[in-house]
$ cat start_33.cif   # mmCIF, C-alpha atoms
data_entry
#
loop_
_atom_site.group_PDB
_atom_site.id
_atom_site.type_symbol
_atom_site.label_atom_id
_atom_site.label_comp_id
_atom_site.auth_asym_id
_atom_site.auth_seq_id
_atom_site.Cartn_x
_atom_site.Cartn_y
_atom_site.Cartn_z
ATOM 1 C CA MET H 289 138.241 133.112 109.944
ATOM 2 C CA GLU H 290 136.790 131.496 113.052
ATOM 3 C CA PRO H 291 133.676 133.109 114.557
ATOM 4 C CA TRP H 292 135.446 133.186 117.901
ATOM 5 C CA PRO H 293 139.078 134.086 117.310
ATOM 6 C CA ASP H 294 139.884 133.767 120.968
ATOM 7 C CA ALA H 295 140.233 130.078 121.865
ATOM 8 C CA ARG H 296 139.712 131.048 125.478
ATOM 9 C CA CYS H 297 136.016 131.715 124.784
ATOM 10 C CA PRO H 298 133.987 129.354 126.957
ATOM 11 C CA LEU H 299 131.687 128.585 124.021
ATOM 12 C CA ALA H 300 134.434 127.859 121.497
ATOM 13 C CA HIS H 301 133.733 124.126 121.644
ATOM 14 C CA THR H 302 130.100 124.718 120.492
ATOM 15 C CA ALA H 303 131.105 126.470 117.232
ATOM 16 C CA PRO H 304 130.664 123.319 115.038
ATOM 17 C CA LEU H 305 127.217 122.700 116.553
ATOM 18 C CA ILE H 306 126.148 126.278 115.963
ATOM 19 C CA ARG H 307 127.401 126.120 112.337
ATOM 20 C CA SER H 308 125.347 122.964 111.706
ATOM 21 C CA MET H 309 122.270 124.553 113.281
ATOM 22 C CA LEU H 310 122.650 127.593 111.063
ATOM 23 C CA THR H 311 122.433 125.351 107.996
ATOM 24 C CA VAL H 312 119.526 123.255 109.326
ATOM 25 C CA VAL H 313 117.287 126.089 110.576
ATOM 26 C CA PRO H 314 116.800 127.795 107.159
ATOM 27 C CA ALA H 315 116.049 124.411 105.575
ATOM 28 C CA LEU H 316 113.521 123.716 108.326
ATOM 29 C CA GLY H 317 111.931 127.096 107.668
ATOM 30 C CA LEU H 318 111.568 126.190 103.996
ATOM 31 C CA VAL H 319 109.839 122.905 104.893
ATOM 32 C CA VAL H 320 107.433 124.705 107.233
ATOM 33 C CA ALA H 321 106.683 127.353 104.591
ATOM 34 C CA LEU H 322 106.004 124.725 101.927
ATOM 35 C CA SER H 323 103.725 122.700 104.199
ATOM 36 C CA ALA H 324 101.776 125.851 105.087
ATOM 37 C CA ALA H 325 101.285 126.589 101.393
ATOM 38 C CA ALA H 326 100.012 123.072 100.632
ATOM 39 C CA PRO H 327 96.271 122.962 99.892
ATOM 40 C CA GLU H 328 93.968 121.669 102.584
ATOM 41 C CA PRO H 329 92.223 118.358 101.874
ATOM 42 C CA SER H 330 88.679 118.804 100.635
ATOM 43 C CA THR H 331 85.921 118.610 103.221
ATOM 44 C CA GLY H 332 83.600 117.353 100.520
ATOM 45 C CA ARG H 333 81.223 120.309 100.711
ATOM 46 C CA SER H 334 82.858 122.722 98.312
ATOM 47 C CA ASP H 335 82.872 120.772 95.068
ATOM 48 C CA ALA H 336 79.765 120.587 92.911
ATOM 49 C CA ALA H 337 79.626 116.779 92.743
ATOM 50 C CA SER H 338 79.548 116.546 96.493
ATOM 51 C CA LEU H 339 76.877 119.245 96.857
ATOM 52 C CA ARG H 340 74.536 117.183 94.672
ATOM 53 C CA SER H 341 74.494 114.659 97.528
ATOM 54 C CA CYS H 342 73.466 117.299 100.075
ATOM 55 C CA ILE H 343 69.929 118.100 101.180
ATOM 56 C CA ASP H 344 68.990 121.779 101.251
ATOM 57 C CA GLN H 345 66.784 121.863 104.337
ATOM 58 C CA THR H 346 65.136 125.160 103.345
ATOM 59 C CA SER H 347 63.035 123.352 100.712
ATOM 60 C CA ALA H 348 62.943 119.740 101.941
ATOM 61 C CA SER H 349 59.930 117.667 102.960
ATOM 62 C CA TRP H 350 60.413 114.668 105.268
ATOM 63 C CA THR H 351 58.063 111.651 105.027
ATOM 64 C CA PRO H 352 58.585 108.565 107.217
ATOM 65 C CA TYR H 353 57.747 105.134 105.759
ATOM 66 C CA ASP H 354 58.593 102.793 108.624
ATOM 67 C CA ASP H 355 60.419 102.852 111.951
ATOM 68 C CA HIS H 356 63.809 103.510 110.333
ATOM 69 C CA THR H 357 63.250 104.928 106.815
ATOM 70 C CA ILE H 358 62.470 108.516 105.821
ATOM 71 C CA LEU H 359 62.015 109.796 102.269
ATOM 72 C CA VAL H 360 63.265 113.363 101.887
ATOM 73 C CA ARG H 361 62.197 115.300 98.810
ATOM 74 C CA GLU H 362 64.031 118.486 97.959
ATOM 75 C CA GLY H 363 62.977 119.988 94.653
ATOM 76 C CA ALA H 364 63.314 117.309 91.972
ATOM 77 C CA ARG H 365 65.764 115.306 94.090
ATOM 78 C CA ALA H 366 65.029 112.538 96.583
ATOM 79 C CA PHE H 367 67.016 111.015 99.433
ATOM 80 C CA GLN H 368 66.549 108.071 101.748
ATOM 81 C CA VAL H 369 67.512 108.761 105.342
ATOM 82 C CA THR H 370 67.999 105.578 107.341
ATOM 83 C CA THR H 371 67.888 105.926 111.121
ATOM 84 C CA ASN H 372 68.301 103.638 114.068
ATOM 85 C CA ARG H 373 65.084 101.860 114.985
ATOM 86 C CA CYS H 374 62.818 104.750 115.892
ATOM 87 C CA PRO H 375 59.288 103.514 116.751
ATOM 88 C CA ARG H 376 57.803 107.035 116.736
ATOM 89 C CA LEU H 377 58.379 107.213 112.966
ATOM 90 C CA ALA H 378 55.707 104.509 112.559
ATOM 91 C CA ASP H 379 53.084 106.490 114.529
ATOM 92 C CA PRO H 380 49.958 107.435 112.546
ATOM 93 C CA LEU H 381 50.808 111.169 112.503
ATOM 94 C CA PRO H 382 54.510 111.552 113.237
ATOM 95 C CA ARG H 383 55.969 115.048 113.442
ATOM 96 C CA ILE H 384 59.676 115.242 112.550
ATOM 97 C CA THR H 385 61.741 118.097 113.939
ATOM 98 C CA VAL H 386 64.992 118.686 112.055
ATOM 99 C CA ILE H 387 67.846 120.287 114.012
ATOM 100 C CA LEU H 388 70.803 121.333 111.880
ATOM 101 C CA ALA H 389 74.412 121.441 113.052
ATOM 102 C CA GLY H 390 74.976 124.645 111.064
ATOM 103 C CA GLY H 391 73.908 126.163 107.766
ATOM 104 C CA SER H 392 71.045 124.730 105.747
ATOM 105 C CA LEU H 393 72.845 121.857 103.969
ATOM 106 C CA ILE H 394 72.719 118.277 105.209
ATOM 107 C CA CYS H 395 75.584 116.350 103.609
ATOM 108 C CA SER H 396 76.089 113.588 106.190
ATOM 109 C CA PRO H 397 74.275 112.130 109.202
ATOM 110 C CA ARG H 398 76.472 114.276 111.476
ATOM 111 C CA ASP H 399 74.913 117.451 110.038
ATOM 112 C CA VAL H 400 71.458 116.780 111.463
ATOM 113 C CA ARG H 401 69.606 115.648 114.571
ATOM 114 C CA LEU H 402 66.067 114.344 114.278
ATOM 115 C CA GLN H 403 63.379 114.373 116.923
ATOM 116 C CA VAL H 404 60.049 112.670 116.375
ATOM 117 C CA SER H 405 56.783 113.129 118.204
ATOM 118 C CA ASP H 406 53.160 112.512 117.354
ATOM 119 C CA SER H 407 50.724 115.362 116.947
ATOM 120 C CA ALA H 408 49.482 115.106 120.560
ATOM 121 C CA ASP H 409 52.809 114.466 122.284
ATOM 122 C CA SER H 410 54.912 117.343 123.515
ATOM 123 C CA ILE H 411 58.012 115.264 124.383
ATOM 124 C CA PRO H 412 59.966 114.356 121.236
ATOM 125 C CA THR H 413 62.045 111.198 120.888
ATOM 126 C CA PRO H 414 65.506 111.506 119.314
ATOM 127 C CA CYS H 415 66.181 109.452 116.196
ATOM 128 C CA PHE H 416 69.741 109.067 114.998
ATOM 129 C CA PRO H 417 70.413 109.170 111.244
ATOM 130 C CA GLN H 418 72.753 106.375 110.130
ATOM 131 C CA SER H 419 72.977 107.147 106.415
ATOM 132 C CA ILE H 420 71.745 109.539 103.731
ATOM 133 C CA THR H 421 71.442 108.047 100.249
ATOM 134 C CA PRO H 422 70.510 109.920 97.053
ATOM 135 C CA LEU H 423 67.727 108.138 95.163
ATOM 136 C CA THR H 424 66.664 108.087 91.533
ATOM 137 C CA GLN H 425 63.073 109.107 90.797
ATOM 138 C CA GLU H 426 62.186 105.441 90.225
ATOM 139 C CA GLN H 427 63.629 104.432 93.605
ATOM 140 C CA ALA H 428 61.742 107.270 95.300
ATOM 141 C CA ARG H 429 58.455 106.228 93.653
ATOM 142 C CA ALA H 430 59.044 102.618 94.745
ATOM 143 C CA LEU H 431 59.564 103.794 98.319
ATOM 144 C CA GLU H 432 56.409 105.934 98.155
ATOM 145 C CA THR H 433 54.301 102.970 96.991
ATOM 146 C CA ARG H 434 55.501 100.870 99.910
ATOM 147 C CA LYS H 435 52.810 100.413 102.509
ATOM 148 C CA ARG H 436 53.378 102.418 105.670
#
$ encode --input "start_33.cif" --output "structure tokens"
Amino acid sequence: MEPWPDARCPLAHTAPLIRSMLTVVPALGLVVALSAAAPEPSTGRSDAASLRSCIDQTSASWTPYDDHTILVREGARAFQVTTNRCPRLADPLPRITVILAGGSLICSPRDVRLQVSDSADSIPTPCFPQSITPLTQEQARALETRKR
């Protein structure tokens, strides 16, 4: 039985198109539903292995060693933060201000902004982190013995 028994219907010529759309639309809905149910790609912060590479700022101490290297100690862990050339880091008494993008974890250079001033200067200079590298205890000790 035709959906439009009267051939005089002005839309009678569109019946095959409408039939094909009625078979495509449910299939399209299934594809959309399946893609919505697919898991999101990991941001890298939720799994335990990735969190071991993050700095918890609530317990971290930042010590500069030259104009582009900072040793960050957080509990028993150590990290090397490499910045652009930042001459204020080489000042005798640099003061590092850490500004977080959100939360207290620093997992990548995008998560933190650094500003450096000396103890007498009220205008801080921005320093831009380029990389954050976890260090072994031996690597951290070697960095600490380096002359500032």
$ atom_distance --input "start_33.cif" --atom1 "atom CA of H:Arg361" --atom2 "atom CA of H:Ala348"
5.5 Å
$ closest_atom_pairs --input "start_33.cif" --of "stretch 348-399 of chain H" --to "stretch 425-435 of chain H" --cutoff "12 Å" --atoms "only C-alpha atoms" --output "tab-separated table"
residue	atom	partner	partner_atom	distance
H:Trp350	CA	H:Glu432	CA	12.0
H:Thr351	CA	H:Glu432	CA	9.1
H:Pro352	CA	H:Glu432	CA	9.7
H:Tyr353	CA	H:Lys435	CA	7.6
H:Asp354	CA	H:Lys435	CA	8.7
H:Thr357	CA	H:Leu431	CA	9.3
H:Ile358	CA	H:Leu431	CA	9.3
H:Leu359	CA	H:Ala428	CA	7.4
H:Val360	CA	H:Ala428	CA	9.1
H:Arg361	CA	H:Ala428	CA	8.8
H:Glu362	CA	H:Ala428	CA	11.8
H:Gly363	CA	H:Gln425	CA	11.5
H:Ala364	CA	H:Gln425	CA	8.3
H:Arg365	CA	H:Gln425	CA	7.5
H:Ala366	CA	H:Ala428	CA	6.3
H:Phe367	CA	H:Ala428	CA	7.7
H:Gln368	CA	H:Ala428	CA	8.1
H:Val369	CA	H:Ala428	CA	11.7
H:Ala378	CA	H:Lys435	CA	11.2
$ atom_distance --input "start_33.cif" --atom1 "atom CA of H:Ile420" --atom2 "atom CA of H:Arg383"
19.3 Å
$ resolve_selection --input "start_33.cif" --expression "the PyMOL selection byres ((chain H and resi 382) around 8)" --output "PyMOL selection string"
chain H and resi 352+376-381+383-384+404-407
$ closest_residue --input "start_33.cif" --among "H:Ile411, H:Leu402, H:Cys342, H:Ala389" --to "H:Thr370" --atoms "all atoms listed in the file"
H:Leu402
$ residues_around --input "start_33.cif" --residues "H:Ser392" --least-positions-apart "2" --cutoff "8 Å" --atoms "all atoms listed in the file" --output "PyMOL selection string"
chain H and resi 344-346+388+390+394
$ axis_aligned_box --input "start_33.cif" --around "stretch 398-412 of chain H" --padding-each-side "5 Å" --output "JSON"
{"center_x": 63.0, "center_y": 115.0, "center_z": 117.2, "size_x": 37.0, "size_y": 14.9, "size_z": 24.3}
$ build_atoms --input "start_33.cif" --residues "stretch 353-376 of chain H" --atoms "N, CA and C atoms" --output "PDB file, keeping the file's coordinate frame"
ATOM      1  N   TYR H 353      58.429 106.277 106.347  1.00  0.00           N
ATOM      2  CA  TYR H 353      57.747 105.134 105.759  1.00  0.00           C
ATOM      3  C   TYR H 353      57.733 103.914 106.665  1.00  0.00           C
ATOM      4  N   ASP H 354      58.631 103.832 107.600  1.00  0.00           N
ATOM      5  CA  ASP H 354      58.593 102.793 108.624  1.00  0.00           C
ATOM      6  C   ASP H 354      59.405 103.292 109.809  1.00  0.00           C
ATOM      7  N   ASP H 355      59.763 102.400 110.719  1.00  0.00           N
ATOM      8  CA  ASP H 355      60.419 102.852 111.951  1.00  0.00           C
ATOM      9  C   ASP H 355      61.901 103.195 111.785  1.00  0.00           C
ATOM     10  N   HIS H 356      62.411 103.150 110.542  1.00  0.00           N
ATOM     11  CA  HIS H 356      63.809 103.510 110.333  1.00  0.00           C
ATOM     12  C   HIS H 356      64.098 104.125 108.954  1.00  0.00           C
ATOM     13  N   THR H 357      63.056 104.408 108.169  1.00  0.00           N
ATOM     14  CA  THR H 357      63.250 104.928 106.815  1.00  0.00           C
ATOM     15  C   THR H 357      62.442 106.206 106.615  1.00  0.00           C
ATOM     16  N   ILE H 358      63.123 107.238 106.115  1.00  0.00           N
ATOM     17  CA  ILE H 358      62.470 108.516 105.821  1.00  0.00           C
ATOM     18  C   ILE H 358      62.815 108.888 104.384  1.00  0.00           C
ATOM     19  N   LEU H 359      61.796 109.287 103.615  1.00  0.00           N
ATOM     20  CA  LEU H 359      62.015 109.796 102.269  1.00  0.00           C
ATOM     21  C   LEU H 359      62.058 111.323 102.377  1.00  0.00           C
ATOM     22  N   VAL H 360      63.127 111.906 101.877  1.00  0.00           N
ATOM     23  CA  VAL H 360      63.265 113.363 101.887  1.00  0.00           C
ATOM     24  C   VAL H 360      63.224 113.831 100.443  1.00  0.00           C
ATOM     25  N   ARG H 361      62.289 114.707 100.142  1.00  0.00           N
ATOM     26  CA  ARG H 361      62.197 115.300  98.810  1.00  0.00           C
ATOM     27  C   ARG H 361      62.639 116.749  98.915  1.00  0.00           C
ATOM     28  N   GLU H 362      63.516 117.115  97.995  1.00  0.00           N
ATOM     29  CA  GLU H 362      64.031 118.486  97.959  1.00  0.00           C
ATOM     30  C   GLU H 362      64.081 118.883  96.488  1.00  0.00           C
ATOM     31  N   GLY H 363      63.096 119.663  96.070  1.00  0.00           N
ATOM     32  CA  GLY H 363      62.977 119.988  94.653  1.00  0.00           C
ATOM     33  C   GLY H 363      62.712 118.721  93.859  1.00  0.00           C
ATOM     34  N   ALA H 364      63.479 118.505  92.803  1.00  0.00           N
ATOM     35  CA  ALA H 364      63.314 117.309  91.972  1.00  0.00           C
ATOM     36  C   ALA H 364      64.151 116.148  92.475  1.00  0.00           C
ATOM     37  N   ARG H 365      64.881 116.357  93.567  1.00  0.00           N
ATOM     38  CA  ARG H 365      65.764 115.306  94.090  1.00  0.00           C
ATOM     39  C   ARG H 365      65.111 114.594  95.263  1.00  0.00           C
ATOM     40  N   ALA H 366      65.554 113.341  95.488  1.00  0.00           N
ATOM     41  CA  ALA H 366      65.029 112.538  96.583  1.00  0.00           C
ATOM     42  C   ALA H 366      66.179 111.846  97.297  1.00  0.00           C
ATOM     43  N   PHE H 367      66.012 111.662  98.601  1.00  0.00           N
ATOM     44  CA  PHE H 367      67.016 111.015  99.433  1.00  0.00           C
ATOM     45  C   PHE H 367      66.324 110.055 100.388  1.00  0.00           C
ATOM     46  N   GLN H 368      67.018 108.976 100.708  1.00  0.00           N
ATOM     47  CA  GLN H 368      66.549 108.071 101.748  1.00  0.00           C
ATOM     48  C   GLN H 368      67.431 108.280 102.965  1.00  0.00           C
ATOM     49  N   VAL H 369      66.802 108.629 104.081  1.00  0.00           N
ATOM     50  CA  VAL H 369      67.512 108.761 105.342  1.00  0.00           C
ATOM     51  C   VAL H 369      67.176 107.529 106.163  1.00  0.00           C
ATOM     52  N   THR H 370      68.185 106.769 106.520  1.00  0.00           N
ATOM     53  CA  THR H 370      67.999 105.578 107.341  1.00  0.00           C
ATOM     54  C   THR H 370      68.453 105.919 108.749  1.00  0.00           C
ATOM     55  N   THR H 371      67.586 105.628 109.725  1.00  0.00           N
ATOM     56  CA  THR H 371      67.888 105.926 111.121  1.00  0.00           C
ATOM     57  C   THR H 371      68.023 104.628 111.900  1.00  0.00           C
ATOM     58  N   ASN H 372      68.400 104.772 113.167  1.00  0.00           N
ATOM     59  CA  ASN H 372      68.301 103.638 114.068  1.00  0.00           C
ATOM     60  C   ASN H 372      66.821 103.288 114.173  1.00  0.00           C
ATOM     61  N   ARG H 373      66.495 102.205 114.794  1.00  0.00           N
ATOM     62  CA  ARG H 373      65.084 101.860 114.985  1.00  0.00           C
ATOM     63  C   ARG H 373      64.446 102.950 115.823  1.00  0.00           C
ATOM     64  N   CYS H 374      63.466 103.610 115.251  1.00  0.00           N
ATOM     65  CA  CYS H 374      62.818 104.750 115.892  1.00  0.00           C
ATOM     66  C   CYS H 374      61.301 104.534 115.816  1.00  0.00           C
ATOM     67  N   PRO H 375      60.707 103.887 116.821  1.00  0.00           N
ATOM     68  CA  PRO H 375      59.288 103.514 116.751  1.00  0.00           C
ATOM     69  C   PRO H 375      58.342 104.688 116.500  1.00  0.00           C
ATOM     70  N   ARG H 376      58.697 105.893 116.932  1.00  0.00           N
ATOM     71  CA  ARG H 376      57.803 107.035 116.736  1.00  0.00           C
ATOM     72  C   ARG H 376      57.597 107.367 115.262  1.00  0.00           C
TER      73      ARG H 376
END
